[in-house]
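**Student:** Below you'll find entry.txt; it's compact mmCIF, N, CA and C atoms.
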```
# COMPACT_ATOMS: atom_id res chain seq x y z
N MET A 1098 114.34 89.99 98.77
CA MET A 1098 115.67 90.45 99.09
C MET A 1098 116.13 89.85 100.42
N LEU A 1099 115.22 89.74 101.36
CA LEU A 1099 115.61 89.23 102.67
C LEU A 1099 116.08 87.78 102.62
N ARG A 1100 115.58 87.02 101.66
CA ARG A 1100 116.03 85.62 101.58
C ARG A 1100 117.49 85.51 101.20
N TRP A 1101 118.05 86.56 100.60
CA TRP A 1101 119.46 86.55 100.23
C TRP A 1101 120.33 87.19 101.31
N ASP A 1102 119.72 87.70 102.33
CA ASP A 1102 120.44 88.39 103.41
C ASP A 1102 120.74 87.39 104.53
N ARG A 1103 121.70 86.52 104.30
CA ARG A 1103 122.03 85.46 105.25
C ARG A 1103 122.62 85.97 106.55
N HIS A 1104 123.12 87.17 106.56
CA HIS A 1104 123.77 87.73 107.76
C HIS A 1104 122.92 88.80 108.43
N ALA A 1105 121.66 88.88 108.05
CA ALA A 1105 120.71 89.85 108.65
C ALA A 1105 121.28 91.27 108.65
N ARG A 1106 121.77 91.70 107.50
CA ARG A 1106 122.33 93.04 107.36
C ARG A 1106 121.27 94.10 107.12
N ILE A 1107 120.12 93.66 106.57
CA ILE A 1107 119.10 94.60 106.15
C ILE A 1107 117.79 94.30 106.88
N GLU A 1108 117.13 95.36 107.27
CA GLU A 1108 115.82 95.25 107.90
C GLU A 1108 114.83 95.95 106.98
N VAL A 1109 113.78 95.27 106.58
CA VAL A 1109 112.76 95.86 105.72
C VAL A 1109 111.52 96.11 106.56
N LEU A 1110 111.11 97.37 106.59
CA LEU A 1110 109.96 97.77 107.40
C LEU A 1110 108.98 98.59 106.59
N PRO A 1111 107.68 98.35 106.76
CA PRO A 1111 106.72 99.24 106.12
C PRO A 1111 106.81 100.61 106.79
N TYR A 1112 106.61 101.65 106.03
CA TYR A 1112 106.77 102.99 106.60
C TYR A 1112 105.73 103.31 107.66
N GLN A 1113 104.69 102.49 107.75
CA GLN A 1113 103.67 102.69 108.78
C GLN A 1113 104.11 102.14 110.14
N THR A 1114 105.29 101.53 110.22
CA THR A 1114 105.80 101.01 111.49
C THR A 1114 105.85 102.14 112.51
N PRO A 1115 105.25 101.95 113.69
CA PRO A 1115 105.25 103.01 114.71
C PRO A 1115 106.66 103.53 115.01
N GLY A 1116 106.81 104.85 114.95
CA GLY A 1116 108.07 105.51 115.27
C GLY A 1116 109.09 105.56 114.15
N LEU A 1117 108.85 104.85 113.05
CA LEU A 1117 109.84 104.79 111.97
C LEU A 1117 110.05 106.15 111.30
N LEU A 1118 108.98 106.85 110.99
CA LEU A 1118 109.12 108.15 110.32
C LEU A 1118 109.89 109.13 111.21
N GLU A 1119 109.61 109.13 112.47
CA GLU A 1119 110.32 110.02 113.40
C GLU A 1119 111.79 109.66 113.45
N ARG A 1120 112.10 108.36 113.51
CA ARG A 1120 113.50 107.91 113.58
C ARG A 1120 114.29 108.27 112.33
N THR A 1121 113.63 108.20 111.18
CA THR A 1121 114.34 108.42 109.92
C THR A 1121 114.28 109.86 109.43
N GLY A 1122 113.32 110.63 109.94
CA GLY A 1122 113.15 111.99 109.47
C GLY A 1122 112.44 112.07 108.13
N LEU A 1123 111.87 110.96 107.67
CA LEU A 1123 111.13 110.94 106.41
C LEU A 1123 109.66 111.23 106.69
N THR A 1124 108.97 111.64 105.64
CA THR A 1124 107.53 111.86 105.75
C THR A 1124 106.79 110.69 105.12
N ALA A 1125 105.51 110.54 105.48
CA ALA A 1125 104.69 109.50 104.88
C ALA A 1125 104.60 109.69 103.36
N ALA A 1126 104.52 110.94 102.92
CA ALA A 1126 104.45 111.22 101.48
C ALA A 1126 105.72 110.75 100.77
N GLN A 1127 106.88 111.00 101.37
CA GLN A 1127 108.13 110.54 100.76
C GLN A 1127 108.17 109.02 100.66
N CYS A 1128 107.72 108.36 101.72
CA CYS A 1128 107.76 106.90 101.75
C CYS A 1128 106.72 106.28 100.84
N ALA A 1129 105.59 106.95 100.64
CA ALA A 1129 104.57 106.43 99.73
C ALA A 1129 105.03 106.54 98.28
N GLU A 1130 105.93 107.46 98.03
CA GLU A 1130 106.43 107.71 96.67
C GLU A 1130 107.51 106.72 96.24
N ALA A 1131 108.36 106.26 97.18
CA ALA A 1131 109.50 105.43 96.81
C ALA A 1131 110.00 104.63 97.99
N ALA A 1132 110.75 103.59 97.68
CA ALA A 1132 111.46 102.83 98.71
C ALA A 1132 112.65 103.67 99.18
N TRP A 1133 113.02 103.50 100.44
CA TRP A 1133 114.14 104.24 101.02
C TRP A 1133 115.10 103.28 101.69
N PHE A 1134 116.39 103.57 101.62
CA PHE A 1134 117.41 102.85 102.36
C PHE A 1134 118.03 103.86 103.32
N VAL A 1135 117.99 103.55 104.60
CA VAL A 1135 118.46 104.49 105.62
C VAL A 1135 119.53 103.80 106.46
N TYR A 1136 120.71 104.41 106.51
CA TYR A 1136 121.78 103.91 107.38
C TYR A 1136 121.55 104.40 108.81
N PRO A 1137 122.07 103.68 109.80
CA PRO A 1137 121.94 104.12 111.19
C PRO A 1137 122.48 105.54 111.44
N ASP A 1138 123.46 105.97 110.63
CA ASP A 1138 124.03 107.31 110.83
C ASP A 1138 123.18 108.40 110.16
N GLY A 1139 122.06 108.00 109.53
CA GLY A 1139 121.14 108.98 108.95
C GLY A 1139 121.22 109.15 107.44
N ARG A 1140 122.26 108.62 106.79
CA ARG A 1140 122.32 108.74 105.33
C ARG A 1140 121.12 108.05 104.71
N GLN A 1141 120.54 108.69 103.70
CA GLN A 1141 119.32 108.19 103.08
C GLN A 1141 119.47 108.08 101.56
N TYR A 1142 118.89 107.04 101.01
CA TYR A 1142 118.86 106.82 99.56
C TYR A 1142 117.43 106.48 99.19
N ARG A 1143 116.97 106.94 98.05
CA ARG A 1143 115.59 106.67 97.65
C ARG A 1143 115.54 106.01 96.28
N ALA A 1144 114.43 105.33 96.03
CA ALA A 1144 114.11 104.74 94.74
C ALA A 1144 115.19 103.74 94.29
N ALA A 1145 115.64 103.85 93.04
CA ALA A 1145 116.63 102.90 92.52
C ALA A 1145 117.93 102.96 93.33
N ALA A 1146 118.30 104.12 93.81
CA ALA A 1146 119.51 104.23 94.64
C ALA A 1146 119.35 103.42 95.92
N ALA A 1147 118.14 103.39 96.49
CA ALA A 1147 117.89 102.61 97.71
C ALA A 1147 118.03 101.12 97.43
N ILE A 1148 117.49 100.67 96.32
CA ILE A 1148 117.59 99.26 95.97
C ILE A 1148 119.05 98.87 95.76
N ASN A 1149 119.80 99.74 95.09
CA ASN A 1149 121.21 99.45 94.85
C ASN A 1149 122.02 99.47 96.14
N ARG A 1150 121.69 100.33 97.09
CA ARG A 1150 122.37 100.32 98.39
C ARG A 1150 122.09 99.01 99.10
N ALA A 1151 120.85 98.54 99.04
CA ALA A 1151 120.51 97.26 99.67
C ALA A 1151 121.30 96.12 99.03
N LEU A 1152 121.39 96.12 97.70
CA LEU A 1152 122.18 95.10 97.01
C LEU A 1152 123.64 95.18 97.43
N HIS A 1153 124.16 96.39 97.51
CA HIS A 1153 125.55 96.59 97.94
C HIS A 1153 125.77 95.98 99.32
N GLU A 1154 124.85 96.21 100.23
CA GLU A 1154 125.00 95.72 101.59
C GLU A 1154 124.89 94.21 101.69
N LEU A 1155 124.19 93.59 100.74
CA LEU A 1155 124.10 92.13 100.74
C LEU A 1155 125.46 91.50 100.47
N GLY A 1156 126.30 92.22 99.75
CA GLY A 1156 127.64 91.73 99.46
C GLY A 1156 127.66 90.71 98.33
N GLY A 1157 128.82 90.11 98.11
CA GLY A 1157 128.99 89.08 97.09
C GLY A 1157 128.60 89.55 95.71
N MET A 1158 127.92 88.67 94.99
CA MET A 1158 127.52 89.00 93.61
C MET A 1158 126.53 90.16 93.58
N TRP A 1159 125.76 90.36 94.66
CA TRP A 1159 124.81 91.47 94.72
C TRP A 1159 125.54 92.80 94.72
N ARG A 1160 126.67 92.86 95.43
CA ARG A 1160 127.46 94.09 95.45
C ARG A 1160 127.98 94.40 94.05
N LEU A 1161 128.40 93.37 93.32
CA LEU A 1161 128.86 93.59 91.94
C LEU A 1161 127.72 94.11 91.07
N LEU A 1162 126.53 93.56 91.24
CA LEU A 1162 125.38 94.03 90.48
C LEU A 1162 125.09 95.50 90.78
N ALA A 1163 125.22 95.89 92.04
CA ALA A 1163 124.97 97.28 92.44
C ALA A 1163 125.97 98.25 91.82
N LEU A 1164 127.15 97.77 91.48
CA LEU A 1164 128.17 98.65 90.87
C LEU A 1164 127.73 99.19 89.51
N PHE A 1165 126.86 98.47 88.81
CA PHE A 1165 126.39 98.94 87.51
C PHE A 1165 125.69 100.30 87.63
N TYR A 1166 125.08 100.55 88.78
CA TYR A 1166 124.36 101.81 88.98
C TYR A 1166 125.28 103.02 88.88
N ARG A 1167 126.56 102.79 89.10
CA ARG A 1167 127.54 103.89 89.03
C ARG A 1167 128.03 104.16 87.62
N MET A 1168 127.71 103.29 86.69
CA MET A 1168 128.19 103.45 85.32
C MET A 1168 127.40 104.53 84.60
N PRO A 1169 128.10 105.36 83.79
CA PRO A 1169 127.41 106.41 83.04
C PRO A 1169 126.26 105.83 82.21
N GLY A 1170 125.13 106.47 82.30
CA GLY A 1170 123.96 106.05 81.54
C GLY A 1170 123.11 104.99 82.23
N ILE A 1171 123.73 104.11 82.97
CA ILE A 1171 123.00 103.03 83.63
C ILE A 1171 122.11 103.60 84.73
N ARG A 1172 122.62 104.56 85.49
CA ARG A 1172 121.82 105.17 86.57
C ARG A 1172 120.50 105.71 86.01
N HIS A 1173 120.56 106.43 84.88
CA HIS A 1173 119.35 107.00 84.29
C HIS A 1173 118.38 105.90 83.85
N LEU A 1174 118.92 104.82 83.29
CA LEU A 1174 118.06 103.71 82.88
C LEU A 1174 117.42 103.04 84.09
N GLU A 1175 118.20 102.80 85.15
CA GLU A 1175 117.64 102.19 86.36
C GLU A 1175 116.62 103.10 87.02
N ASP A 1176 116.91 104.39 87.07
CA ASP A 1176 115.96 105.34 87.66
C ASP A 1176 114.63 105.33 86.88
N ALA A 1177 114.72 105.31 85.55
CA ALA A 1177 113.51 105.28 84.72
C ALA A 1177 112.77 103.96 84.91
N ALA A 1178 113.50 102.86 84.97
CA ALA A 1178 112.86 101.56 85.20
C ALA A 1178 112.19 101.52 86.56
N TYR A 1179 112.82 102.09 87.58
CA TYR A 1179 112.23 102.13 88.92
C TYR A 1179 110.91 102.92 88.88
N ARG A 1180 110.93 104.08 88.23
CA ARG A 1180 109.71 104.89 88.15
C ARG A 1180 108.58 104.14 87.45
N TRP A 1181 108.92 103.43 86.36
CA TRP A 1181 107.91 102.67 85.63
C TRP A 1181 107.33 101.57 86.50
N VAL A 1182 108.20 100.80 87.16
CA VAL A 1182 107.73 99.71 88.04
C VAL A 1182 106.88 100.28 89.17
N ALA A 1183 107.33 101.38 89.77
CA ALA A 1183 106.58 101.98 90.88
C ALA A 1183 105.17 102.40 90.43
N ARG A 1184 105.07 102.98 89.24
CA ARG A 1184 103.77 103.41 88.72
C ARG A 1184 102.86 102.24 88.37
N ASN A 1185 103.46 101.12 87.98
CA ASN A 1185 102.69 99.98 87.46
C ASN A 1185 102.75 98.74 88.35
N ARG A 1186 103.25 98.86 89.56
CA ARG A 1186 103.48 97.67 90.40
C ARG A 1186 102.20 96.88 90.66
N HIS A 1187 101.06 97.54 90.70
CA HIS A 1187 99.80 96.82 90.94
C HIS A 1187 99.38 95.97 89.75
N ARG A 1188 99.98 96.21 88.57
CA ARG A 1188 99.63 95.46 87.35
C ARG A 1188 100.61 94.33 87.07
N LEU A 1189 101.73 94.28 87.77
CA LEU A 1189 102.77 93.31 87.48
C LEU A 1189 102.46 91.95 88.11
N PRO A 1190 102.99 90.87 87.51
CA PRO A 1190 102.77 89.54 88.08
C PRO A 1190 103.26 89.49 89.53
N GLY A 1191 102.49 88.84 90.36
CA GLY A 1191 102.85 88.72 91.77
C GLY A 1191 102.43 89.89 92.63
N ALA A 1192 101.76 90.87 92.03
CA ALA A 1192 101.33 92.05 92.79
C ALA A 1192 100.29 91.65 93.82
N SER A 1193 100.33 92.33 94.95
CA SER A 1193 99.37 92.09 96.02
C SER A 1193 98.55 93.35 96.26
N ALA A 1194 97.63 93.28 97.19
CA ALA A 1194 96.83 94.45 97.54
C ALA A 1194 97.72 95.57 98.06
N ALA A 1195 98.82 95.21 98.71
CA ALA A 1195 99.75 96.22 99.22
C ALA A 1195 100.34 97.05 98.08
N CYS A 1196 100.54 96.43 96.93
CA CYS A 1196 101.08 97.17 95.78
C CYS A 1196 100.10 98.26 95.33
N ALA A 1197 98.83 97.93 95.31
CA ALA A 1197 97.82 98.91 94.90
C ALA A 1197 97.65 100.00 95.94
N ALA A 1198 98.00 99.70 97.19
CA ALA A 1198 97.83 100.66 98.28
C ALA A 1198 98.98 101.64 98.39
N SER A 1199 99.92 101.58 97.46
CA SER A 1199 101.06 102.49 97.46
C SER A 1199 101.82 102.44 98.77
N SER A 1200 102.44 101.30 99.04
CA SER A 1200 103.14 101.16 100.31
C SER A 1200 104.56 100.64 100.16
N PRO A 1201 105.46 101.40 99.54
CA PRO A 1201 106.84 100.98 99.50
C PRO A 1201 107.40 100.83 100.92
N SER A 1202 108.46 100.09 101.04
CA SER A 1202 109.07 99.86 102.34
C SER A 1202 110.26 100.77 102.54
N THR A 1203 110.71 100.82 103.77
CA THR A 1203 111.94 101.51 104.10
C THR A 1203 112.94 100.44 104.49
N LEU A 1204 114.10 100.47 103.84
CA LEU A 1204 115.16 99.51 104.13
C LEU A 1204 116.16 100.16 105.07
N HIS A 1205 116.61 99.41 106.03
CA HIS A 1205 117.58 99.93 106.98
C HIS A 1205 118.81 99.06 107.00
N ARG A 1206 119.95 99.67 107.17
CA ARG A 1206 121.21 98.96 107.36
C ARG A 1206 121.28 98.60 108.82
N SER A 1207 121.63 97.36 109.11
CA SER A 1207 121.82 96.97 110.50
C SER A 1207 122.89 97.85 111.11
N PRO A 1208 122.73 98.25 112.37
CA PRO A 1208 123.60 99.26 112.96
C PRO A 1208 125.03 98.86 113.25
N GLU A 1209 125.38 97.58 113.16
CA GLU A 1209 126.73 97.20 113.58
C GLU A 1209 127.83 97.65 112.64
N VAL A 1210 127.50 98.04 111.40
CA VAL A 1210 128.52 98.46 110.44
C VAL A 1210 128.21 99.87 109.99
N ASN A 1211 129.21 100.74 109.96
CA ASN A 1211 129.03 102.11 109.53
C ASN A 1211 129.98 102.37 108.36
N HIS A 1212 129.40 102.76 107.24
CA HIS A 1212 130.19 103.03 106.03
C HIS A 1212 130.17 104.51 105.73
N SER A 1213 131.22 105.01 105.12
CA SER A 1213 131.18 106.39 104.64
C SER A 1213 130.62 106.40 103.24
N SER A 1214 130.05 107.52 102.84
CA SER A 1214 129.43 107.59 101.51
C SER A 1214 129.40 109.02 101.03
N ASN A 1215 129.38 109.16 99.73
CA ASN A 1215 129.25 110.49 99.15
C ASN A 1215 127.83 110.75 98.69
N GLY A 1216 126.88 109.93 99.15
CA GLY A 1216 125.48 110.12 98.78
C GLY A 1216 125.10 109.38 97.51
N GLN A 1217 126.02 108.67 96.91
CA GLN A 1217 125.76 107.93 95.69
C GLN A 1217 125.65 106.45 96.03
N ALA A 1218 124.88 105.73 95.25
CA ALA A 1218 124.74 104.29 95.47
C ALA A 1218 125.90 103.55 94.87
```
Is it possible to express this structure as structure tokens?
**Tutor:**
Amino acid sequence: MLRWDRHARIEVLPYQTPGLLERTGLTAAQCAEAAWFVYPDGRQYRAAAAINRALHELGGMWRLLALFYRMPGIRHLEDAAYRWVARNRHRLPGASAACAASSPSTLHRSPEVNHSSNGQA
């Protein structure tokens, strides 16, 4: 994802980063369960919603792709696909030891832009 972030809008950090859990108010258990997208103002999104927020923030065609998550029925399919991938990530092509260690990342929005949101991706 970072290779498509030409404007450095997103920061991807492992949840074990010193001070990150305190800054975000998340627990290690929450972060081990799913990826999170956290805005500087504290808004949080998890799992498929987090991935879609990151795509939205990338802009361009990625923002259009993220819009599908708002379509009726698509959210449930993406959420189910996210859960399946999360459970099986250590078996998928390209998996690393980190995948087996249950270490999703926390995505952050760069602080220079503040968006309003209703909690939906």
**Student:** Please determine, counting only C-alpha atoms, which residue among A:Leu1189, A:Ala1129, A:Leu1123, A:Leu1174 has the shortest atom-to-atom distance to A:Ala1146.
**Tutor:**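 Checking each candidate against A:Ala1146, we get A:Leu1174 as the closest.
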**Student:** I'd like the interatomic distance between atom N of A:Val1135 and atom N of A:Pro1190, to a tenth of an Å.
**Tutor:**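 Straight-line distance from atom N of A:Val1135 to atom N of A:Pro1190 works out to 26.0 Å.
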**Student:** Using all atoms of stretch 1124-1128 of chain A that appear in the file, construct an axis-aligned enclosing box with 6 Å of padding on every side and provide its centre coordinates and edge lengths in Å, rounded to one decimal, as AutoDock Vina command-line options.
**Tutor:**
```
--center_x 106.7 --center_y 109.1 --center_z 103.2 --size_x 16.5 --size_y 17.6 --size_z 17.1
```
**Student:** Quick one: distance from atom C of A:Ala1132 to atom C of A:Ile1148 in Å, one decimal?
**Tutor:**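 Between atom C of A:Ala1132 and atom C of A:Ile1148 the gap is 8.7 Å.
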